[in-house]
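S.K.: Please find model20.txt (compact mmCIF, C-alpha atoms) on the next line:
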# COMPACT_ATOMS: atom_id res chain seq x y z
CA MET A 1 10.44 -50.44 116.06
CA LEU A 2 11.04 -48.00 113.24
CA VAL A 3 9.54 -44.63 114.14
CA GLU A 4 8.87 -43.23 110.70
CA SER A 5 7.70 -39.81 111.89
CA ALA A 6 10.78 -39.10 113.98
CA LYS A 7 14.13 -37.79 112.83
CA THR A 8 17.38 -37.33 114.76
CA VAL A 9 19.58 -34.53 113.48
CA ARG A 10 23.20 -34.54 114.56
CA LEU A 11 24.60 -31.02 114.70
CA ARG A 12 28.18 -30.18 113.82
CA ASP A 13 28.90 -27.84 116.72
CA GLY A 14 25.71 -27.78 118.74
CA ALA A 15 24.11 -25.21 116.45
CA THR A 16 24.82 -25.82 112.74
CA LEU A 17 22.05 -27.64 110.89
CA PRO A 18 22.42 -29.77 107.75
CA ALA A 19 20.45 -28.30 104.84
CA ALA A 20 18.39 -31.50 104.52
CA ALA A 21 16.98 -30.89 108.02
CA LEU A 22 15.19 -27.65 107.15
CA PRO A 23 12.10 -29.25 105.52
CA LEU A 24 11.83 -31.63 108.48
CA LEU A 25 11.92 -28.76 110.95
CA ARG A 26 9.16 -26.93 109.08
CA ALA A 27 6.93 -30.02 109.11
CA ALA A 28 7.67 -31.06 112.70
CA LYS A 29 5.07 -30.72 115.41
CA ARG A 30 7.79 -30.72 118.06
CA VAL A 31 11.52 -30.02 117.91
CA TYR A 32 13.47 -31.28 120.92
CA THR A 33 17.14 -31.12 121.89
CA LEU A 34 19.60 -33.57 123.44
CA GLY A 35 23.21 -33.40 124.58
CA GLY A 36 24.89 -30.05 124.01
CA ALA A 37 22.35 -28.74 121.49
CA ASP A 38 20.99 -25.34 122.48
CA PRO A 39 17.52 -25.88 124.06
CA ALA A 40 16.48 -22.54 122.58
CA ALA A 41 16.72 -24.14 119.13
CA GLY A 42 13.59 -26.19 119.84
CA ASP A 43 10.78 -26.83 122.30
CA GLY A 44 13.11 -27.87 125.08
CA PRO A 45 14.92 -31.08 126.04
CA ALA A 46 13.56 -34.33 124.61
CA PRO A 47 11.17 -36.04 127.05
CA ALA A 48 11.67 -39.64 128.10
CA ASP A 49 8.67 -40.75 126.03
CA VAL A 50 9.79 -39.00 122.83
CA VAL A 51 9.78 -42.29 120.90
CA ASP A 52 6.13 -42.89 121.81
CA GLU A 53 5.25 -39.30 120.91
CA ALA A 54 6.96 -39.64 117.57
CA ALA A 55 4.78 -42.63 116.72
CA SER A 56 1.80 -40.33 116.31
CA ALA A 57 3.26 -36.95 115.27
CA PRO A 58 6.28 -35.61 113.33
CA VAL A 59 9.10 -35.02 115.79
CA VAL A 60 12.69 -33.86 115.25
CA VAL A 61 15.42 -34.24 117.86
CA LEU A 62 18.51 -32.04 117.57
CA THR A 63 21.69 -33.34 119.19
CA ASP A 64 25.46 -33.00 118.99
CA ASP A 65 25.96 -36.36 120.69
CA LEU A 66 24.50 -39.51 119.14
CA ALA A 67 25.27 -41.44 122.32
CA ALA A 68 22.67 -39.30 124.08
CA ALA A 69 20.18 -40.23 121.36
CA GLU A 70 20.93 -43.96 121.51
CA PRO A 71 17.34 -44.94 122.49
CA LEU A 72 16.07 -43.16 119.38
CA VAL A 73 18.72 -44.69 117.15
CA ALA A 74 18.02 -48.14 118.62
CA ALA A 75 14.33 -47.63 117.82
CA GLY A 76 15.20 -47.13 114.16
CA VAL A 77 14.89 -43.36 114.02
CA PRO A 78 16.70 -42.05 110.90
CA VAL A 79 19.71 -39.82 111.54
CA LEU A 80 20.71 -36.80 109.49
CA ARG A 81 24.27 -35.62 110.02
CA THR A 82 25.72 -32.21 109.40
CA PRO A 83 28.73 -32.81 107.13
CA GLY A 84 31.87 -32.65 109.25
CA ALA A 85 30.11 -33.24 112.57
CA GLY A 86 32.35 -36.16 113.42
CA LEU A 87 35.49 -34.23 112.46
CA VAL A 88 34.58 -31.35 114.76
CA ALA A 89 33.87 -33.78 117.60
CA ALA A 90 37.23 -35.49 117.04
CA ALA A 91 39.07 -32.15 117.08
CA ARG A 92 37.27 -31.23 120.30
CA VAL A 93 38.31 -34.49 121.98
CA MET A 94 41.92 -33.95 120.88
CA ASP A 95 41.81 -30.46 122.34
CA VAL A 96 40.58 -31.78 125.70
CA LEU A 97 43.29 -34.46 125.78
CA ARG A 98 46.02 -31.94 125.07
CA SER A 99 44.73 -29.19 127.41
CA PRO A 100 45.48 -28.79 131.14
CA GLY A 101 43.59 -31.45 133.07
CA GLY A 102 43.66 -33.77 130.07
CA CYS A 103 45.98 -36.72 129.42
CA PRO A 104 49.56 -36.35 130.77
CA TRP A 105 50.99 -38.49 127.96
CA ASP A 106 49.23 -36.50 125.23
CA ALA A 107 50.41 -33.25 126.81
CA GLU A 108 54.07 -34.31 126.60
CA GLN A 109 54.14 -35.22 122.91
CA THR A 110 55.97 -33.21 120.25
CA HIS A 111 56.11 -33.40 116.47
CA ASP A 112 59.31 -35.43 116.77
CA SER A 113 57.95 -37.88 119.37
CA LEU A 114 54.88 -38.52 117.23
CA ARG A 115 56.82 -39.27 114.03
CA ARG A 116 56.97 -43.03 114.51
CA TYR A 117 53.24 -43.28 115.19
CA LEU A 118 52.41 -41.56 111.91
CA VAL A 119 54.58 -44.06 110.06
CA GLU A 120 53.20 -47.05 111.97
CA GLU A 121 49.57 -46.03 111.51
CA SER A 122 50.11 -45.41 107.81
CA TYR A 123 51.50 -48.91 107.33
CA GLU A 124 48.65 -50.41 109.35
CA LEU A 125 46.25 -48.61 107.03
CA LEU A 126 48.06 -50.15 104.05
CA ASP A 127 47.66 -53.58 105.65
CA ALA A 128 43.92 -53.02 106.02
CA ILE A 129 43.69 -52.03 102.35
CA ASP A 130 45.71 -55.06 101.27
CA ASP A 131 43.56 -57.37 103.42
CA GLY A 132 40.30 -55.90 102.14
CA ASP A 133 39.18 -55.61 105.78
CA ARG A 134 36.49 -52.91 105.88
CA ALA A 135 36.27 -52.76 109.67
CA ALA A 136 40.04 -52.43 109.96
CA LEU A 137 40.07 -49.85 107.15
CA ARG A 138 37.60 -47.66 109.04
CA GLU A 139 39.60 -47.96 112.27
CA GLU A 140 42.99 -47.34 110.68
CA LEU A 141 41.71 -44.31 108.78
CA GLY A 142 40.67 -42.95 112.17
CA ASP A 143 44.13 -43.63 113.57
CA VAL A 144 45.74 -41.74 110.69
CA LEU A 145 43.26 -38.90 111.21
CA LEU A 146 44.28 -38.85 114.88
CA GLN A 147 47.86 -38.17 113.84
CA VAL A 148 46.73 -35.18 111.76
CA LEU A 149 44.64 -33.83 114.63
CA PHE A 150 47.46 -34.44 117.11
CA HIS A 151 50.12 -32.67 115.05
CA ALA A 152 47.79 -29.75 114.37
CA ARG A 153 47.04 -29.41 118.08
CA VAL A 154 50.75 -29.45 118.93
CA ALA A 155 51.37 -26.83 116.22
CA GLN A 156 48.72 -24.63 117.78
CA GLU A 157 50.96 -24.17 120.83
CA ASP A 158 54.05 -23.07 118.91
CA PRO A 159 55.07 -19.65 120.30
CA ALA A 160 56.64 -18.40 117.06
CA ASP A 161 54.33 -19.73 114.34
CA PRO A 162 51.12 -21.22 115.75
CA PHE A 163 48.45 -22.79 113.55
CA GLY A 164 45.58 -25.17 114.25
CA ILE A 165 43.43 -27.73 112.53
CA ASP A 166 41.25 -25.07 110.87
CA ASP A 167 44.36 -23.50 109.32
CA VAL A 168 45.42 -26.93 108.07
CA ALA A 169 41.97 -27.48 106.55
CA ASP A 170 41.89 -23.98 104.99
CA THR A 171 45.28 -24.57 103.38
CA LEU A 172 44.04 -27.88 101.98
CA VAL A 173 40.88 -26.28 100.57
CA THR A 174 42.93 -23.56 98.89
CA LYS A 175 45.23 -26.18 97.38
CA LEU A 176 42.40 -28.42 96.12
CA VAL A 177 40.48 -25.54 94.58
CA GLY A 178 43.60 -24.04 93.00
CA ARG A 179 44.70 -27.31 91.47
CA HIS A 180 41.29 -28.17 90.06
CA PRO A 181 40.46 -25.15 87.89
CA HIS A 182 38.53 -27.47 85.58
CA VAL A 183 36.11 -28.02 88.47
CA PHE A 184 36.11 -24.75 90.42
CA ALA A 185 37.11 -22.09 87.88
CA GLY A 186 34.77 -22.78 85.03
CA GLY A 187 36.98 -25.17 83.08
CA ASP A 188 40.56 -25.88 82.02
CA PRO A 189 41.30 -26.85 78.39
CA ALA A 190 44.45 -28.69 79.55
CA VAL A 191 42.33 -31.24 81.42
CA ARG A 192 40.52 -33.81 79.32
CA ASP A 193 40.74 -36.97 81.42
CA ALA A 194 42.41 -38.42 84.52
CA THR A 195 45.81 -38.64 82.84
CA THR A 196 45.88 -35.02 81.68
CA GLN A 197 44.61 -33.94 85.09
CA GLU A 198 47.55 -35.70 86.73
CA HIS A 199 49.95 -33.83 84.44
CA ARG A 200 48.13 -30.56 85.08
CA TRP A 201 48.34 -31.12 88.84
CA ASP A 202 52.12 -31.43 88.62
CA GLU A 203 52.40 -28.33 86.42
CA LEU A 204 50.30 -26.21 88.79
CA LYS A 205 52.18 -27.59 91.79
CA GLN A 206 55.59 -26.76 90.30
CA ARG A 207 54.45 -23.26 89.38
CA GLU A 208 52.82 -22.69 92.75
CA LYS A 209 55.88 -23.76 94.73
CA GLN A 210 58.33 -22.15 92.29
CA ARG A 211 60.35 -25.34 92.00
CA GLU A 212 63.37 -25.39 89.72
CA SER A 213 63.61 -29.17 89.28
CA SER A 214 61.07 -31.81 88.33
CA VAL A 215 62.22 -33.87 91.33
CA ASP A 216 62.05 -31.05 93.89
CA GLY A 217 59.60 -31.85 96.67
CA VAL A 218 59.91 -35.62 96.46
CA ALA A 219 60.07 -36.95 100.02
CA LEU A 220 63.53 -38.50 100.26
CA GLY A 221 62.70 -40.29 103.52
CA GLN A 222 60.16 -42.65 101.98
CA PRO A 223 60.96 -46.35 101.39
CA ALA A 224 63.71 -46.74 98.79
CA VAL A 225 61.66 -48.62 96.19
CA ALA A 226 58.86 -46.04 96.40
CA LEU A 227 61.44 -43.24 96.26
CA ALA A 228 63.07 -44.66 93.13
CA ALA A 229 59.69 -45.04 91.44
CA LYS A 230 58.63 -41.48 92.35
CA LEU A 231 61.87 -39.91 91.11
CA VAL A 232 61.69 -41.79 87.82
CA HIS A 233 58.01 -40.92 87.40
CA ARG A 234 58.72 -37.22 87.89
CA ALA A 235 61.80 -37.19 85.63
CA SER A 236 60.10 -39.18 82.85
CA ARG A 237 57.25 -36.69 82.82
CA ALA A 238 59.83 -33.97 82.29
CA GLY A 239 61.02 -35.87 79.21
CA LEU A 240 63.97 -37.86 80.58
CA PRO A 241 64.69 -40.78 78.19
CA ALA A 242 64.75 -44.26 79.70
CA ASP A 243 68.30 -44.99 78.48
CA LEU A 244 69.67 -42.42 80.96
CA LEU A 245 68.45 -44.46 83.91
CA ASP A 246 71.44 -46.79 83.65
CA ASP A 247 74.55 -45.10 85.09
CA GLY A 248 76.78 -48.15 84.71
CA ASP A 249 76.73 -49.10 88.38
CA GLN A 250 76.23 -52.87 88.79
CA GLY A 251 75.77 -52.87 92.56
CA VAL A 252 72.73 -54.22 94.38
CA GLY A 253 71.29 -50.75 94.86
CA ALA A 254 71.65 -49.93 91.17
CA ARG A 255 69.94 -53.17 90.17
CA LEU A 256 67.08 -52.51 92.58
CA PHE A 257 66.74 -48.95 91.29
CA HIS A 258 66.66 -50.14 87.69
CA ALA A 259 64.02 -52.77 88.51
CA ALA A 260 61.86 -50.18 90.29
CA ALA A 261 62.34 -47.66 87.48
CA THR A 262 61.44 -50.19 84.79
CA ALA A 263 58.32 -51.24 86.66
CA ARG A 264 57.18 -47.63 87.14
CA LEU A 265 57.73 -46.75 83.51
CA ALA A 266 55.61 -49.78 82.62
CA GLY A 267 52.77 -48.37 84.71
CA ALA A 268 53.21 -50.67 87.71
CA ASP A 269 53.70 -49.67 91.34
CA PRO A 270 56.90 -51.45 92.41
CA GLU A 271 56.40 -50.66 96.09
CA ASP A 272 52.97 -52.29 96.13
CA ASP A 273 54.17 -55.18 94.00
CA LEU A 274 57.13 -55.86 96.28
CA ARG A 275 54.92 -55.59 99.35
CA ARG A 276 52.49 -58.13 97.87
CA VAL A 277 55.33 -60.58 97.16
CA ALA A 278 56.74 -60.03 100.66
CA ARG A 279 53.34 -60.67 102.24
CA ARG A 280 53.01 -63.86 100.20
CA PHE A 281 56.45 -64.95 101.41
CA ALA A 282 55.46 -64.27 105.03
CA ASP A 283 52.31 -66.36 104.54
CA ARG A 284 54.38 -69.27 103.21
CA VAL A 285 56.80 -69.03 106.15
CA ARG A 286 53.87 -69.21 108.57
CA ALA A 287 52.35 -72.11 106.64
CA ALA A 288 55.62 -74.09 106.81
CA GLU A 289 55.96 -73.41 110.54
CA SER A 290 52.35 -74.44 111.13
CA ALA A 291 52.85 -77.67 109.15
CA ALA A 292 55.97 -78.41 111.17
CA ARG A 293 54.16 -77.95 114.48
CA ALA A 294 51.36 -80.22 113.26
CA ALA A 295 54.01 -82.88 112.57
CA GLY A 296 55.53 -82.45 116.02
CA VAL A 297 58.56 -80.50 114.81
CA ASP A 298 59.75 -77.33 116.54
CA PRO A 299 60.00 -74.64 113.80
CA ALA A 300 62.81 -72.91 115.70
CA ARG A 301 64.98 -76.03 115.32
CA MET A 302 64.37 -76.81 111.65
CA ASP A 303 67.37 -77.26 109.37
CA HIS A 304 67.37 -76.65 105.61
CA ASP A 305 65.96 -80.09 104.83
CA ALA A 306 63.12 -79.61 107.30
CA TRP A 307 62.24 -76.23 105.79
CA ARG A 308 62.13 -77.78 102.34
CA ARG A 309 59.97 -80.63 103.67
CA PHE A 310 57.29 -78.35 105.08
CA TRP A 311 57.54 -75.50 102.56
CA PRO A 312 54.17 -75.11 100.79
CA SER A 313 54.10 -75.71 97.07
CA VAL A 314 53.46 -72.79 94.73
CA GLY A 315 49.74 -72.22 94.63
CA GLY A 316 49.25 -74.50 97.60
Can you dump the structure from the file as structure tokens?
M.R.:
Amino acid sequence: MLVESAKTVRLRDGATLPAAALPLLRAAKRVYTLGGADPAAGDGPAPADVVDEAASAPVVVLTDDLAAAEPLVAAGVPVLRTPGAGLVAAARVMDVLRSPGGCPWDAEQTHDSLRRYLVEESYELLDAIDDGDRAALREELGDVLLQVLFHARVAQEDPADPFGIDDVADTLVTKLVGRHPHVFAGGDPAVRDATTQEHRWDELKQREKQRESSVDGVALGQPAVALAAKLVHRASRAGLPADLLDDGDQGVGARLFHAAATARLAGADPEDDLRRVARRFADRVRAAESAARAAGVDPARMDHDAWRRFWPSVGG
């Protein structure tokens, strides 16, 4: 049953209301609270028959916990969310896990011990994007967010230079506002489209960080193909001519670098392209192994002729 006259408002921190809720509150006959919402913000806790009451009069329920409002949500009551409510709840859960009485494993982690999880979760997110799997995308984004929350919570305990998730967010806001003067500072004649904005971003970034080289700040620990593409992209923007990419080395690494550089200069993303080809190769390996099993052949014992026999045709 859709209760048209009822509204559930999810609060960010038990008290902060979304702006869209104000007209609803003014028109409501009753304002109730659930979960950790302050009862003083309304007419008291929501009664058990609030859905029935809402069928005949405008009712608003304030809550910081949608699980507590599940009967209302199940009845079709619309939900208004304060922007950032889920982020605050996630940070609160991370704080509980890391605090005394929380999870022993979480309490033992350090920035170094968490490194591999950040890398793993990032690649799982890439897989979800490549697969076009929306459910997986939502989950993997959450897992990457967990890594941010986790590292920020660990940083909060540093005795020499502590900072928390709010400091991380404030730093990000400052960066985004500072690097988008065409949006937040009344305009920027250097920005005319997405391409000029990308150039402007790099200029502002280099000035802000007082970097001496166009390739300063490139993460050298990233995958080699992505690293080569990023270095070439940065240097080419600084005016490096393409003929200087070839240093005469004919080794495997040099050939791979040149291939990645050429692809990037042509506007392609060599890391993504190589990953797509590698995924296609993995699919063909699995297809050959599956065909072998179907024919009663153990894939682990196949020789070259057997692999060629079961190898799928191009486009097959």
S.K.: List the spatial neighbours of range 169-182 of chain A as a PDB file with C-alpha atoms, keeping the file's coordinate frame - criterion: any atom at most 9 Å away, all atoms listed in the file, same-chain residues fewer than 3 positions off excluded.
M.R.:
ATOM      1  CA  GLY A 164      45.580 -25.170 114.250  1.00  0.00           C
ATOM      2  CA  ILE A 165      43.430 -27.730 112.530  1.00  0.00           C
ATOM      3  CA  ASP A 166      41.250 -25.070 110.870  1.00  0.00           C
ATOM      4  CA  ALA A 185      37.110 -22.090  87.880  1.00  0.00           C
ATOM      5  CA  GLY A 186      34.770 -22.780  85.030  1.00  0.00           C
ATOM      6  CA  GLY A 187      36.980 -25.170  83.080  1.00  0.00           C
ATOM      7  CA  ASP A 188      40.560 -25.880  82.020  1.00  0.00           C
ATOM      8  CA  PRO A 189      41.300 -26.850  78.390  1.00  0.00           C
ATOM      9  CA  ALA A 190      44.450 -28.690  79.550  1.00  0.00           C
ATOM     10  CA  VAL A 191      42.330 -31.240  81.420  1.00  0.00           C
ATOM     11  CA  GLN A 197      44.610 -33.940  85.090  1.00  0.00           C
ATOM     12  CA  ARG A 200      48.130 -30.560  85.080  1.00  0.00           C
ATOM     13  CA  TRP A 201      48.340 -31.120  88.840  1.00  0.00           C
ATOM     14  CA  ASP A 202      52.120 -31.430  88.620  1.00  0.00           C
ATOM     15  CA  LEU A 204      50.300 -26.210  88.790  1.00  0.00           C
ATOM     16  CA  LYS A 205      52.180 -27.590  91.790  1.00  0.00           C
TER      17      LYS A 205
END
S.K.: Find the residue from A:Ala69, A:Ala292, A:Val148, A:Leu34 that sits nearest to Met94 in chain A; use only C-alpha atoms when measuring.
M.R.: A:Val148
S.K.: When you count only C-alpha atoms, which of these residues is closest to Arg26 in chain A: A:Gly296, A:Gly86, A:Gly253, A:Pro58?
M.R.: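 Among the listed residues, A:Pro58 lies closest to Arg26 in chain A.
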S.K.: From the options A:Ala238, A:Val252, A:Ala295, A:Leu231, which residue's atoms come nearest to Glu203 in chain A, counting all atoms listed in the file?
M.R.: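 Between A:Ala238, A:Val252, A:Ala295, A:Leu231, the residue approaching Glu203 in chain A most closely is A:Ala238.
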S.K.: To one decimal place in Å, what is the distance between CA of Leu244 in chain A and CA of His258 in chain A?
M.R.: 10.7 Å
S.K.: Hey, could you pull the box centre and edge lengths for range 179-182 of chain A, axis-aligned, 8 Å padding per side, all listed atoms, to one decimal in Å, as lines of an AutoDock Vina configuration file?
M.R.:
center_x = 41.6
center_y = -26.7
center_z = 88.5
size_x = 22.2
size_y = 19.0
size_z = 21.9
S.K.: Nearest to Leu146 in chain A among A:Pro159, A:Phe184, A:Pro270, A:Val93, with distances taken over only C-alpha atoms: which residue is it?
M.R.: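 Closest residue, counting only C-alpha atoms: A:Val93.
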S.K.: Find the residues around Ala268 in chain A up to 12 Å (all atoms listed in the file counted), leave out those fewer than 6 positions away in its own chain, and share them as a tab-separated table (two decimals) with C-alpha atoms, in the frame of the given file.
M.R.:
chain	number	residue	atom	x	y	z
A	226	ALA	CA	58.86	-46.04	96.40
A	229	ALA	CA	59.69	-45.04	91.44
A	230	LYS	CA	58.63	-41.48	92.35
A	233	HIS	CA	58.01	-40.92	87.40
A	259	ALA	CA	64.02	-52.77	88.51
A	260	ALA	CA	61.86	-50.18	90.29
A	261	ALA	CA	62.34	-47.66	87.48
A	262	THR	CA	61.44	-50.19	84.79
A	274	LEU	CA	57.13	-55.86	96.28
S.K.: Of the candidates A:Arg308, A:Gly36, A:Asp272, A:Cys103, which one gets nearest to Val285 in chain A if we count all atoms listed in the file?
M.R.: A:Arg308
S.K.: What separation in Å, quoted to one decimal, exists between CA of Val277 in chain A and CA of Val314 in chain A?
M.R.: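 Atom-to-atom, CA of Val277 in chain A to CA of Val314 in chain A, that is 12.6 Å.
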S.K.: Quick one: pull the distance between CA of Ser213 in chain A and CA of Asp249 in chain A, Å, one decimal.
M.R.: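 That distance, rounded to one decimal, is 23.9 Å.
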S.K.: Contacts of Ala291 in chain A at 12 Å or less, counting all atoms listed in the file, minus same-chain residues fewer than 6 places along, as a PyMOL selection string?
M.R.: chain A and resi 284-285+297-299+302+306-312
S.K.: For the residues selected in the previous step, produce a file with C-alpha atoms as a CSV table (one decimal), in the coordinates of the input.
M.R.:
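As written to disk, result.csv reads:
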chain,number,residue,atom,x,y,z
A,284,ARG,CA,54.4,-69.3,103.2
A,285,VAL,CA,56.8,-69.0,106.2
A,297,VAL,CA,58.6,-80.5,114.8
A,298,ASP,CA,59.8,-77.3,116.5
A,299,PRO,CA,60.0,-74.6,113.8
A,302,MET,CA,64.4,-76.8,111.6
A,306,ALA,CA,63.1,-79.6,107.3
A,307,TRP,CA,62.2,-76.2,105.8
A,308,ARG,CA,62.1,-77.8,102.3
A,309,ARG,CA,60.0,-80.6,103.7
A,310,PHE,CA,57.3,-78.4,105.1
A,311,TRP,CA,57.5,-75.5,102.6
A,312,PRO,CA,54.2,-75.1,100.8
S.K.: Show which residues sit within 12 Å of Asp112 in chain A, as a list of chain:residue names. Count all atoms listed in the file, and ignore same-chain residues fewer than 6 positions away.
M.R.: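 The neighbour list is A:Leu118, A:Val119, A:Phe150, A:His151, A:Val154, A:Ala155.
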S.K.: Using all atoms listed in the file for the distances, tell me which of A:Gly44, A:Glu157, A:Gly267, A:Pro78 is nearest to Ala107 in chain A.
M.R.: A:Glu157
